[in-house]
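Trainee: Sharing entry.txt here; it has compact mmCIF, C-alpha atoms.
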# COMPACT_ATOMS: atom_id res chain seq x y z
CA MET S 1 -3.10 -58.47 -21.05
CA ARG S 2 -0.64 -57.65 -18.25
CA THR S 3 -1.42 -58.85 -14.77
CA PRO S 4 -0.60 -56.69 -11.68
CA GLN S 5 2.26 -59.04 -10.92
CA CYS S 6 3.69 -58.38 -14.35
CA VAL S 7 3.43 -54.61 -13.92
CA PHE S 8 5.18 -54.80 -10.54
CA ALA S 9 7.90 -57.01 -12.00
CA ALA S 10 8.38 -54.55 -14.85
CA MET S 11 8.85 -51.68 -12.37
CA VAL S 12 11.38 -53.72 -10.40
CA ALA S 13 13.31 -54.59 -13.54
CA ALA S 14 13.35 -50.97 -14.71
CA LEU S 15 14.62 -49.80 -11.33
CA ALA S 16 17.25 -52.51 -11.23
CA LEU S 17 18.40 -51.46 -14.71
CA SER S 18 19.36 -48.03 -13.35
CA VAL S 19 21.06 -49.36 -10.23
CA THR S 20 23.61 -51.94 -11.33
CA ALA S 21 24.83 -53.63 -14.46
CA THR S 22 23.89 -56.99 -12.99
CA ALA S 23 20.35 -55.78 -12.52
CA SER S 24 20.37 -54.60 -16.14
CA ALA S 25 21.30 -58.07 -17.35
CA ALA S 26 18.53 -59.59 -15.26
CA ALA S 27 15.99 -57.10 -16.59
CA ASP S 28 16.80 -58.10 -20.17
CA ALA S 29 14.88 -61.38 -19.76
CA PRO S 30 11.15 -61.44 -20.58
CA LEU S 31 8.98 -60.83 -17.51
CA CYS S 32 6.34 -63.48 -18.23
CA ALA S 33 4.68 -65.36 -21.05
CA ASP S 34 1.97 -62.68 -21.43
CA CYS S 35 4.28 -59.69 -21.54
CA PRO S 36 6.65 -58.51 -24.27
CA ALA S 37 10.31 -58.49 -23.57
CA ALA S 38 11.59 -55.30 -21.96
CA ALA S 39 14.84 -55.54 -23.93
CA PRO S 40 16.61 -57.84 -26.40
CA ALA S 41 16.90 -61.35 -25.10
CA ALA S 42 19.77 -62.01 -22.75
CA ALA S 43 22.17 -64.91 -22.96
CA PRO S 44 20.63 -68.17 -21.84
CA ALA S 45 21.35 -69.34 -18.34
CA PRO S 46 23.56 -72.38 -17.79
CA ASP S 47 21.90 -75.78 -17.77
CA GLY S 48 20.14 -76.49 -14.50
CA ALA S 49 20.28 -72.83 -13.39
CA ALA S 50 17.37 -70.48 -13.22
CA GLY S 51 17.40 -67.05 -14.82
CA ALA S 52 18.86 -64.14 -12.88
CA VAL S 53 16.30 -62.65 -10.44
CA ILE S 54 16.65 -59.61 -8.17
CA ALA S 55 14.51 -59.57 -5.04
CA PRO S 56 12.36 -56.43 -4.81
CA SER S 57 13.35 -56.03 -1.16
CA ALA S 58 17.05 -55.98 -2.11
CA VAL S 59 16.42 -53.32 -4.77
CA ALA S 60 14.46 -51.21 -2.33
CA ALA S 61 17.18 -51.52 0.30
CA THR S 62 19.79 -50.44 -2.21
CA SER S 63 17.87 -47.55 -3.71
CA PHE S 64 16.04 -46.03 -0.77
CA HIS S 65 18.50 -46.38 2.11
CA ARG S 66 19.02 -43.06 3.85
CA THR S 67 21.26 -42.09 6.73
CA ALA S 68 19.86 -40.22 9.73
CA THR S 69 20.45 -36.56 8.93
CA SER S 70 19.35 -33.37 10.64
CA ARG S 71 19.02 -29.76 9.60
CA ILE S 72 21.64 -27.29 10.73
CA LYS S 73 18.74 -25.35 12.27
CA ASP S 74 18.21 -28.24 14.70
CA LEU S 75 21.91 -28.64 15.53
CA ALA S 76 23.17 -25.11 16.13
CA ASN S 77 22.10 -21.69 17.37
CA ILE S 78 23.02 -18.38 15.80
CA GLU S 79 25.24 -16.45 18.16
CA GLY S 80 23.43 -13.36 19.43
CA VAL S 81 19.95 -14.62 18.55
CA ARG S 82 18.72 -15.76 21.95
CA GLN S 83 16.27 -15.11 24.74
CA ASN S 84 16.91 -12.93 27.81
CA GLN S 85 15.57 -13.64 31.28
CA LEU S 86 13.39 -11.10 33.07
CA ILE S 87 12.38 -10.98 36.74
CA GLY S 88 10.14 -8.87 38.90
CA TYR S 89 8.51 -8.64 42.34
CA GLY S 90 4.81 -8.00 42.73
CA LEU S 91 1.61 -8.65 44.62
CA VAL S 92 -1.28 -10.97 43.85
CA VAL S 93 -4.61 -9.85 45.30
CA GLY S 94 -8.12 -11.30 45.35
CA LEU S 95 -7.20 -14.59 47.02
CA ASN S 96 -9.94 -16.32 49.00
CA GLY S 97 -8.14 -16.32 52.32
CA THR S 98 -5.21 -18.34 50.95
CA GLY S 99 -2.67 -15.51 50.85
CA ASP S 100 0.30 -14.66 53.06
CA THR S 101 0.01 -14.26 56.82
CA LEU S 102 0.97 -10.61 57.23
CA ASN S 103 2.24 -11.08 60.79
CA ASN S 104 4.62 -13.82 59.66
CA ILE S 105 5.70 -12.36 56.29
CA PRO S 106 6.92 -8.79 56.87
CA PHE S 107 7.85 -8.02 53.24
CA THR S 108 4.26 -8.67 52.12
CA LYS S 109 2.97 -6.20 54.70
CA GLN S 110 5.57 -3.57 53.73
CA SER S 111 4.81 -3.98 50.03
CA LEU S 112 1.07 -3.65 50.65
CA GLN S 113 1.58 -0.49 52.69
CA ALA S 114 3.90 1.06 50.08
CA MET S 115 1.45 0.27 47.25
CA LEU S 116 -1.48 1.81 49.10
CA GLU S 117 0.56 4.94 49.92
CA ARG S 118 1.38 5.40 46.23
CA LEU S 119 -2.34 5.29 45.60
CA GLY S 120 -2.99 7.95 48.30
CA VAL S 121 -4.02 5.63 51.15
CA ASN S 122 -2.05 6.06 54.39
CA ILE S 123 -2.25 3.07 56.75
CA ARG S 124 0.99 3.57 58.67
CA GLY S 125 0.58 2.41 62.25
CA GLN S 126 -2.68 0.64 61.51
CA THR S 127 -3.31 -3.04 62.05
CA ILE S 128 -3.83 -4.93 58.80
CA ARG S 129 -5.53 -8.30 58.87
CA THR S 130 -6.10 -9.81 55.48
CA GLY S 131 -5.36 -13.16 53.92
CA ASN S 132 -6.16 -12.13 50.36
CA VAL S 133 -2.70 -10.80 49.37
CA ALA S 134 0.45 -12.74 48.46
CA ALA S 135 3.94 -11.60 47.53
CA VAL S 136 5.14 -13.26 44.32
CA MET S 137 8.13 -13.41 42.02
CA VAL S 138 7.37 -12.97 38.32
CA THR S 139 9.64 -14.44 35.67
CA ALA S 140 9.58 -14.34 31.87
CA ASN S 141 11.77 -14.80 28.80
CA LEU S 142 12.24 -11.87 26.44
CA PRO S 143 12.38 -13.39 22.92
CA ALA S 144 14.99 -12.41 20.38
CA PHE S 145 13.96 -9.37 18.32
CA GLY S 146 10.91 -8.77 20.55
CA THR S 147 9.31 -5.46 19.58
CA GLN S 148 7.46 -2.93 21.70
CA GLY S 149 3.85 -3.85 22.30
CA THR S 150 4.39 -7.58 21.83
CA ARG S 151 2.94 -9.76 24.58
CA ILE S 152 4.83 -12.59 26.29
CA ASP S 153 3.89 -15.29 28.80
CA ILE S 154 4.90 -14.99 32.45
CA THR S 155 5.18 -17.33 35.44
CA VAL S 156 4.04 -16.27 38.92
CA SER S 157 5.46 -18.01 42.02
CA ALA S 158 4.50 -17.42 45.64
CA LEU S 159 7.26 -16.00 47.83
CA GLY S 160 5.66 -16.21 51.29
CA ASP S 161 3.46 -18.76 53.04
CA ALA S 162 0.46 -18.45 50.73
CA LYS S 163 -1.46 -21.70 50.34
CA SER S 164 -2.81 -21.09 46.85
CA LEU S 165 -2.85 -18.44 44.12
CA GLN S 166 -6.15 -19.65 42.69
CA GLY S 167 -8.44 -16.80 41.65
CA GLY S 168 -5.79 -14.12 42.23
CA THR S 169 -4.89 -11.13 40.07
CA LEU S 170 -1.34 -9.90 39.60
CA LEU S 171 -1.02 -6.15 39.97
CA VAL S 172 1.20 -4.08 37.66
CA THR S 173 4.73 -5.48 38.00
CA PRO S 174 7.81 -4.18 36.15
CA LEU S 175 10.12 -6.90 34.79
CA LEU S 176 13.83 -6.13 34.84
CA GLY S 177 16.75 -7.52 32.88
CA ALA S 178 20.26 -8.31 34.10
CA ASP S 179 21.26 -4.68 33.47
CA GLY S 180 18.54 -3.36 35.80
CA ASN S 181 16.40 -1.79 33.05
CA VAL S 182 12.67 -2.43 32.76
CA TYR S 183 11.91 -4.37 29.58
CA ALA S 184 8.31 -5.43 30.17
CA VAL S 185 5.32 -4.78 32.46
CA ALA S 186 3.14 -7.64 33.71
CA GLN S 187 -0.45 -7.78 34.94
CA GLY S 188 -3.40 -10.14 34.72
CA SER S 189 -5.35 -13.03 36.23
CA VAL S 190 -3.33 -16.00 37.44
CA ALA S 191 -4.18 -19.49 36.17
CA ILE S 192 -2.91 -22.47 38.18
CA ASN S 193 -2.81 -26.20 37.44
CA GLY S 194 -3.18 -27.47 41.02
CA PHE S 195 -5.67 -26.98 43.81
CA GLN S 196 -5.91 -27.36 47.57
CA ALA S 197 -8.89 -28.22 49.77
CA GLU S 198 -8.87 -28.80 53.49
CA GLY S 199 -11.13 -29.34 56.47
CA GLU S 200 -10.58 -29.61 60.18
CA ALA S 201 -9.10 -33.10 60.05
CA ALA S 202 -8.06 -33.68 56.47
CA LYS S 203 -6.41 -31.87 53.55
CA ILE S 204 -5.85 -32.71 49.89
CA VAL S 205 -3.41 -31.01 47.52
CA ARG S 206 -3.10 -31.69 43.77
CA GLY S 207 -0.31 -30.21 41.71
CA VAL S 208 1.41 -27.03 42.90
CA PRO S 209 -1.21 -24.36 43.67
CA THR S 210 1.41 -21.78 44.61
CA VAL S 211 2.75 -21.45 41.04
CA GLY S 212 0.66 -20.03 38.21
CA ARG S 213 0.96 -18.71 34.69
CA ILE S 214 -0.49 -15.78 32.81
CA SER S 215 -0.69 -16.26 29.05
CA ASN S 216 0.28 -13.04 27.24
CA GLY S 217 0.50 -11.46 30.67
CA ALA S 218 3.31 -8.97 29.97
CA ILE S 219 3.84 -6.25 27.37
CA ILE S 220 7.33 -5.52 26.04
CA GLU S 221 8.25 -1.89 26.64
CA ARG S 222 11.92 -1.86 25.61
CA GLU S 223 13.66 -3.50 22.66
CA ILE S 224 17.18 -4.92 22.50
CA ASP S 225 19.13 -3.48 19.58
CA PHE S 226 20.79 -6.12 17.41
CA ALA S 227 21.48 -5.32 13.75
CA LEU S 228 21.73 -8.82 12.31
CA ASN S 229 21.79 -7.72 8.65
CA ARG S 230 24.82 -5.51 9.25
CA LEU S 231 27.07 -8.34 10.38
CA SER S 232 30.02 -9.37 8.22
CA GLN S 233 30.53 -12.59 10.16
CA VAL S 234 28.06 -15.02 11.71
CA ARG S 235 28.97 -17.65 14.26
CA LEU S 236 27.01 -20.86 14.77
CA ALA S 237 27.05 -22.36 18.27
CA LEU S 238 26.52 -26.14 18.32
CA ARG S 239 24.04 -27.38 20.90
CA ASN S 240 26.05 -30.60 21.33
CA ALA S 241 29.72 -29.77 20.97
CA ASP S 242 31.59 -32.14 18.65
CA PHE S 243 34.57 -31.61 16.34
CA THR S 244 33.25 -33.95 13.65
CA THR S 245 29.84 -32.30 13.55
CA ALA S 246 31.41 -28.84 13.40
CA LYS S 247 33.58 -29.87 10.45
CA ARG S 248 30.60 -31.40 8.62
CA ILE S 249 28.55 -28.23 9.09
CA ALA S 250 31.37 -26.10 7.66
CA ALA S 251 31.81 -28.47 4.71
CA ALA S 252 28.08 -28.47 3.94
CA ILE S 253 27.97 -24.66 3.94
CA ASN S 254 31.04 -24.37 1.71
CA ASP S 255 29.64 -26.91 -0.76
CA PHE S 256 26.33 -25.04 -0.93
CA ILE S 257 27.83 -21.57 -1.43
CA GLY S 258 30.60 -22.77 -3.75
CA VAL S 259 33.41 -20.96 -1.94
CA SER S 260 35.14 -21.48 1.38
CA ILE S 261 33.31 -19.11 3.75
CA ALA S 262 32.84 -21.37 6.82
CA GLU S 263 35.42 -22.83 9.14
CA PRO S 264 35.17 -24.59 12.52
CA LEU S 265 36.86 -22.59 15.26
CA ASP S 266 36.47 -25.29 17.91
CA GLN S 267 34.18 -28.17 18.76
CA SER S 268 31.21 -25.90 19.45
CA THR S 269 31.64 -22.92 17.09
CA VAL S 270 31.56 -22.54 13.30
CA GLN S 271 32.37 -19.12 11.86
CA VAL S 272 30.70 -18.07 8.61
CA ASN S 273 31.98 -15.07 6.62
CA VAL S 274 29.10 -13.40 4.82
CA PRO S 275 29.77 -13.52 1.04
CA LYS S 276 29.40 -10.40 -1.08
CA GLN S 277 26.07 -11.39 -2.58
CA TYR S 278 24.55 -11.62 0.92
CA LEU S 279 26.00 -8.45 2.45
CA GLY S 280 23.15 -6.47 3.99
CA ASN S 281 20.89 -9.52 3.68
CA VAL S 282 22.21 -11.94 6.31
CA VAL S 283 18.70 -13.23 6.99
CA SER S 284 18.54 -14.68 3.49
CA LEU S 285 21.91 -16.41 3.96
CA LEU S 286 20.84 -17.93 7.28
CA THR S 287 17.58 -19.11 5.75
CA GLU S 288 19.51 -21.08 3.16
CA ILE S 289 22.07 -22.43 5.63
CA GLU S 290 19.50 -23.61 8.17
CA GLN S 291 17.92 -26.05 5.72
CA LEU S 292 21.14 -27.90 4.88
CA GLN S 293 21.15 -31.54 5.97
CA ILE S 294 24.13 -33.18 7.70
CA GLU S 295 24.69 -36.30 9.75
CA PRO S 296 25.65 -35.33 13.33
CA ASP S 297 28.27 -37.31 15.20
CA LEU S 298 28.28 -37.71 18.96
CA ALA S 299 30.60 -39.41 21.40
CA ALA S 300 29.50 -42.71 22.92
CA ARG S 301 27.83 -41.86 26.20
CA ILE S 302 25.73 -43.52 28.89
CA VAL S 303 23.57 -41.23 31.04
CA ILE S 304 22.44 -42.58 34.41
CA ASP S 305 19.91 -41.06 36.82
CA GLU S 306 20.31 -42.99 40.05
CA ARG S 307 17.35 -41.26 41.72
CA SER S 308 14.81 -42.54 39.21
CA GLY S 309 16.71 -45.56 37.85
CA ILE S 310 16.74 -44.24 34.27
CA ILE S 311 19.52 -45.38 31.92
CA VAL S 312 20.03 -43.92 28.43
CA MET S 313 22.66 -45.37 26.08
CA GLY S 314 23.90 -43.90 22.82
CA ARG S 315 24.02 -45.98 19.65
CA ASP S 316 27.84 -45.98 19.50
CA VAL S 317 28.35 -47.63 22.89
CA ARG S 318 30.66 -50.66 22.50
CA VAL S 319 32.15 -53.09 25.00
CA SER S 320 35.07 -55.49 25.02
CA THR S 321 34.55 -59.15 25.81
CA VAL S 322 33.50 -59.36 29.44
CA ALA S 323 31.69 -61.86 31.66
CA VAL S 324 29.15 -60.45 34.11
CA ALA S 325 27.72 -62.26 37.13
CA GLN S 326 25.11 -60.78 39.40
CA GLY S 327 23.39 -62.03 42.52
CA ASN S 328 21.15 -60.47 45.13
CA LEU S 329 22.04 -61.30 48.72
CA THR S 330 19.02 -61.18 51.05
CA VAL S 331 19.46 -61.41 54.82
CA THR S 332 16.26 -61.97 56.83
CA ILE S 333 16.17 -61.53 60.60
CA SER S 334 12.95 -62.36 62.43
CA GLU S 335 12.29 -62.02 66.15
CA THR S 336 9.78 -64.45 67.76
CA PRO S 337 9.88 -63.91 71.52
CA GLN S 338 8.41 -66.68 73.66
CA VAL S 339 6.99 -66.58 77.21
CA SER S 340 8.53 -68.86 79.84
CA GLN S 341 6.06 -69.83 82.59
CA PRO S 342 7.31 -71.25 85.93
CA ALA S 343 5.90 -74.49 87.33
CA PRO S 344 2.78 -74.24 89.51
CA PHE S 345 3.34 -73.36 93.17
CA SER S 346 6.96 -72.57 92.48
CA ARG S 347 8.74 -69.38 93.26
CA GLY S 348 9.79 -68.82 89.65
CA GLN S 349 8.95 -65.71 87.59
CA THR S 350 7.33 -65.37 84.18
CA ARG S 351 9.87 -64.13 81.69
CA THR S 352 10.14 -63.43 77.97
CA VAL S 353 12.73 -65.53 76.19
CA PRO S 354 14.08 -64.07 72.91
CA ARG S 355 14.08 -66.26 69.83
CA THR S 356 15.93 -64.95 66.75
CA ARG S 357 15.96 -66.58 63.32
CA VAL S 358 18.49 -65.49 60.71
CA GLY S 359 18.18 -66.54 57.06
CA VAL S 360 20.45 -65.81 54.09
CA GLN S 361 19.29 -66.21 50.50
CA GLU S 362 21.25 -65.46 47.34
CA ASP S 363 19.30 -65.03 44.10
CA GLY S 364 20.60 -64.91 40.57
CA LYS S 365 24.00 -66.57 40.35
CA LYS S 366 23.87 -66.20 36.55
CA LEU S 367 26.94 -65.56 34.44
CA ALA S 368 26.41 -63.75 31.14
CA LEU S 369 29.05 -63.29 28.45
CA VAL S 370 29.07 -60.00 26.54
CA ARG S 371 31.27 -60.29 23.48
CA GLU S 372 33.59 -57.68 22.05
CA GLY S 373 32.24 -54.99 19.71
CA VAL S 374 28.58 -55.83 20.16
CA SER S 375 25.91 -53.33 19.19
CA LEU S 376 23.64 -51.50 21.60
CA GLN S 377 20.83 -53.98 21.07
CA GLN S 378 23.13 -56.94 21.70
CA LEU S 379 24.50 -55.28 24.83
CA VAL S 380 21.00 -54.72 26.20
CA ASP S 381 20.00 -58.31 25.37
CA GLY S 382 23.07 -59.67 27.10
CA LEU S 383 22.42 -57.69 30.28
CA ASN S 384 18.71 -58.50 30.23
CA ALA S 385 19.66 -62.19 30.20
CA LEU S 386 20.66 -61.74 33.82
CA GLY S 387 17.07 -60.82 34.71
CA ILE S 388 18.02 -57.71 36.67
CA GLY S 389 16.35 -54.38 37.27
CA PRO S 390 17.51 -50.90 36.28
CA ARG S 391 19.20 -50.14 39.58
CA ASP S 392 21.30 -53.31 39.46
CA LEU S 393 22.08 -52.53 35.82
CA ILE S 394 23.51 -49.17 36.91
CA ALA S 395 25.97 -50.89 39.22
CA ILE S 396 26.91 -53.39 36.48
CA LEU S 397 27.61 -50.65 33.92
CA GLN S 398 29.79 -48.79 36.40
CA ALA S 399 31.67 -51.99 37.21
CA ILE S 400 32.24 -52.69 33.49
CA LYS S 401 33.55 -49.15 33.08
CA ALA S 402 35.87 -49.58 36.06
CA ALA S 403 37.20 -52.75 34.43
CA GLY S 404 38.03 -50.78 31.29
CA ALA S 405 35.79 -52.94 29.14
CA ILE S 406 33.32 -50.31 27.96
CA GLN S 407 34.22 -47.65 25.41
CA ALA S 408 31.84 -44.91 26.45
CA GLU S 409 31.57 -42.01 28.83
CA ILE S 410 29.29 -42.58 31.83
CA GLU S 411 27.51 -39.46 33.08
CA VAL S 412 25.67 -39.68 36.39
CA MET S 413 22.94 -37.08 36.81
Let me see the structure of the file written as structure tokens.
Mentor:
Amino acid sequence: MRTPQCVFAAMVAALALSVTATASAAADAPLCADCPAAAPAAAPAPDGAAGAVIAPSAVAATSFHRTATSRIKDLANIEGVRQNQLIGYGLVVGLNGTGDTLNNIPFTKQSLQAMLERLGVNIRGQTIRTGNVAAVMVTANLPAFGTQGTRIDITVSALGDAKSLQGGTLLVTPLLGADGNVYAVAQGSVAINGFQAEGEAAKIVRGVPTVGRISNGAIIEREIDFALNRLSQVRLALRNADFTTAKRIAAAINDFIGVSIAEPLDQSTVQVNVPKQYLGNVVSLLTEIEQLQIEPDLAARIVIDERSGIIVMGRDVRVSTVAVAQGNLTVTISETPQVSQPAPFSRGQTRTVPRTRVGVQEDGKKLALVREGVSLQQLVDGLNALGIGPRDLIAILQAIKAAGAIQAEIEVM
């Protein structure tokens, strides 16, 4: 009867048989005393040497190793298939006294008067005192191939001195594109993430109460004509421009179709000529192309955000042999004034005598050696050996770059 260990060993031997000839020779030996031989007996091992054995971990590493690949869908956009920004100006009403101050914000007062006049209410020359209205800017993104009647989300932002948009309702607001045409109309109740509460002597604010969102708050009224299926050429725009990635995308497409229809025009564009079998059905071609897997290639880069102390390094960052020393110099100045009293019955005056103490302390003084061609992990370990923080690490990376010892582009945000 076979034990579980025997069954596992049989699977390993069978897998090794299909991988290498050496594994096949090792699999020829019987697995154990209770199991039949998987193949004719192999030649006996030399005296004093054990039979050939392949570690399961080595077989797994050989058979199941995969490189990091991504779909073309995640690496490139289809030229012409994109969103369009919309913008509009409107009024939010129903605020609980947190709206604009009409005497300080003239455009809110003018907009309120014009809206009421369109509705047949004439208030010209009258004094208006209300804190329930706020002028807002409305923004949205018109999706590609958006059809009439489809709803989209909108963002509402206060334009005046309103304190909060909580509980407000956006009145009908046309949303315009860059060409000045109205593409959508927005209206609805505003939902905000923050709040504000205040009393006579204290106030608390959480989040941003002057910015809100209306889910499905606008209806598309105009479509953008774009006949995708009629195109004879399609261009793919890479999200991260790179010559190597562009060439790999073109090669993957040509291998899939079987003919040369794709070529890289530059580091960010790949042109695809629609083959005859896909003419009039470009959507089907793009569906097939988007699922192709390639390995993207990016230049070595270090991104630094000095405001927040964030450092991001790419996997291909390499350095030449360099020694790094870092020390923090701390200068402490303390003032301890003392009072000088005159002797009794003397004509002296009481005075304050300054006493200043200056101290200098230097921390660190460590010297770390970073060897040539180290990996990202080794580079990080070497710099961490200095025991420094992110902000000091930023200065060190810039100094290494200035010394010409780092093969990467440093981008400061």
Trainee: For Ile128 of chain S, find every residue with an atom within 12 Å (counting only C-alpha atoms), except residues of its own chain fewer than 5 positions away, and show them as a list in words.
Mentor: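 Within the cut-off, the hits are Thr101, Leu102, Asn103, Pro106, Thr108, Lys109, Gln110, Leu112, Gln113, Asn122, Ile123 and Val133 of chain S.
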Trainee: Taking into account only C-alpha atoms, which residue in the set S:Ile214, S:Val172, S:Ile406, S:Ala262 is nearest to Ser157 of chain S?
Mentor: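 Among S:Ile214, S:Val172, S:Ile406, S:Ala262, it is S:Ile214 that comes nearest to Ser157 of chain S.
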Trainee: So how far away is atom CA of Gly309 of chain S from atom CA of Ala405 of chain S, in Å?
Mentor: 22.2 Å
Trainee: Restricting the calculation to all atoms listed in the file: of S:Val324, S:Val138, S:Leu75, S:Ala68, which residue gets closest to Ser268 of chain S?
Mentor: S:Leu75
Trainee: Between S:Gly168, S:Gly160, S:Pro337, S:Gly149, which residue has the minimum interatomic distance to Asn104 of chain S, considering only C-alpha atoms?
Mentor: S:Gly160
Trainee: What's the 9 Å shell around Glu223 of chain S, counting all atoms listed in the file, without same-chain residues fewer than 4 positions away, as a ChimeraX atom specification?
Mentor: /S:145-148,183
Trainee: Provide the atom CA of Leu142 of chain S to atom CA of Ala76 of chain S distance in Å, to one decimal place.
Mentor: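 Here the two named atoms are 20.0 Å from each other.
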Trainee: For Asn181 of chain S, work out the shell of residues within 10 Å, counting all atoms listed in the file and skipping chain neighbours fewer than 4 positions away, then give it as a ChimeraX atom specification.
Mentor: /S:86,174-177,222
Trainee: Taking only C-alpha atoms into account, which of S:Ile294, S:Ala227, S:Ile289, S:Pro390 comes nearest Arg248 of chain S?
Mentor: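 Of all the options, S:Ile294 lies closest to Arg248 of chain S.
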Trainee: Given the choices S:Thr69, S:Gln293, S:Ser232, S:Asn216, which gets closest to Lys276 of chain S if the distance is worked out from all atoms listed in the file?
Mentor: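 Closest candidate: S:Ser232.
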Trainee: Please measure the separation of atom CA of Ser164 of chain S and atom CA of Phe195 of chain S, giving the value in Å to one decimal.
Mentor: 7.2 Å
Trainee: Quick one: of S:Asp381, S:Glu79, S:Asp74, S:Glu411, who's nearest to Ile394 of chain S, counting all atoms listed in the file?
Mentor: S:Glu411
Trainee: Can you rebuild segment 287-298 of chain S with N, CA and C atoms and give it as an mmCIF file, in the coordinates of the input?
Mentor:
data_model
loop_
_atom_site.group_PDB
_atom_site.id
_atom_site.type_symbol
_atom_site.label_atom_id
_atom_site.label_comp_id
_atom_site.auth_asym_id
_atom_site.auth_seq_id
_atom_site.Cartn_x
_atom_site.Cartn_y
_atom_site.Cartn_z
ATOM 1 N N THR S 287 18.707 -18.288 6.185
ATOM 2 C CA THR S 287 17.580 -19.110 5.750
ATOM 3 C C THR S 287 18.037 -20.260 4.887
ATOM 4 N N GLU S 288 18.993 -20.016 4.003
ATOM 5 C CA GLU S 288 19.510 -21.080 3.160
ATOM 6 C C GLU S 288 20.352 -22.071 3.946
ATOM 7 N N ILE S 289 21.167 -21.563 4.869
ATOM 8 C CA ILE S 289 22.070 -22.430 5.630
ATOM 9 C C ILE S 289 21.281 -23.342 6.557
ATOM 10 N N GLU S 290 20.241 -22.827 7.171
ATOM 11 C CA GLU S 290 19.500 -23.610 8.170
ATOM 12 C C GLU S 290 18.887 -24.888 7.591
ATOM 13 N N GLN S 291 18.587 -24.902 6.323
ATOM 14 C CA GLN S 291 17.920 -26.050 5.720
ATOM 15 C C GLN S 291 18.875 -27.137 5.243
ATOM 16 N N LEU S 292 20.180 -26.894 5.315
ATOM 17 C CA LEU S 292 21.140 -27.900 4.880
ATOM 18 C C LEU S 292 21.112 -29.099 5.813
ATOM 19 N N GLN S 293 21.210 -30.290 5.218
ATOM 20 C CA GLN S 293 21.150 -31.540 5.970
ATOM 21 C C GLN S 293 22.551 -32.109 6.171
ATOM 22 N N ILE S 294 22.866 -32.501 7.407
ATOM 23 C CA ILE S 294 24.130 -33.180 7.700
ATOM 24 C C ILE S 294 23.848 -34.320 8.678
ATOM 25 N N GLU S 295 24.810 -35.203 8.788
ATOM 26 C CA GLU S 295 24.690 -36.300 9.750
ATOM 27 C C GLU S 295 25.523 -35.959 10.987
ATOM 28 N N PRO S 296 24.882 -35.679 12.126
ATOM 29 C CA PRO S 296 25.650 -35.330 13.330
ATOM 30 C C PRO S 296 26.390 -36.532 13.888
ATOM 31 N N ASP S 297 27.476 -36.258 14.577
ATOM 32 C CA ASP S 297 28.270 -37.310 15.200
ATOM 33 C C ASP S 297 28.442 -36.963 16.674
ATOM 34 N N LEU S 298 28.181 -37.929 17.523
ATOM 35 C CA LEU S 298 28.280 -37.710 18.960
ATOM 36 C C LEU S 298 29.149 -38.794 19.579
#
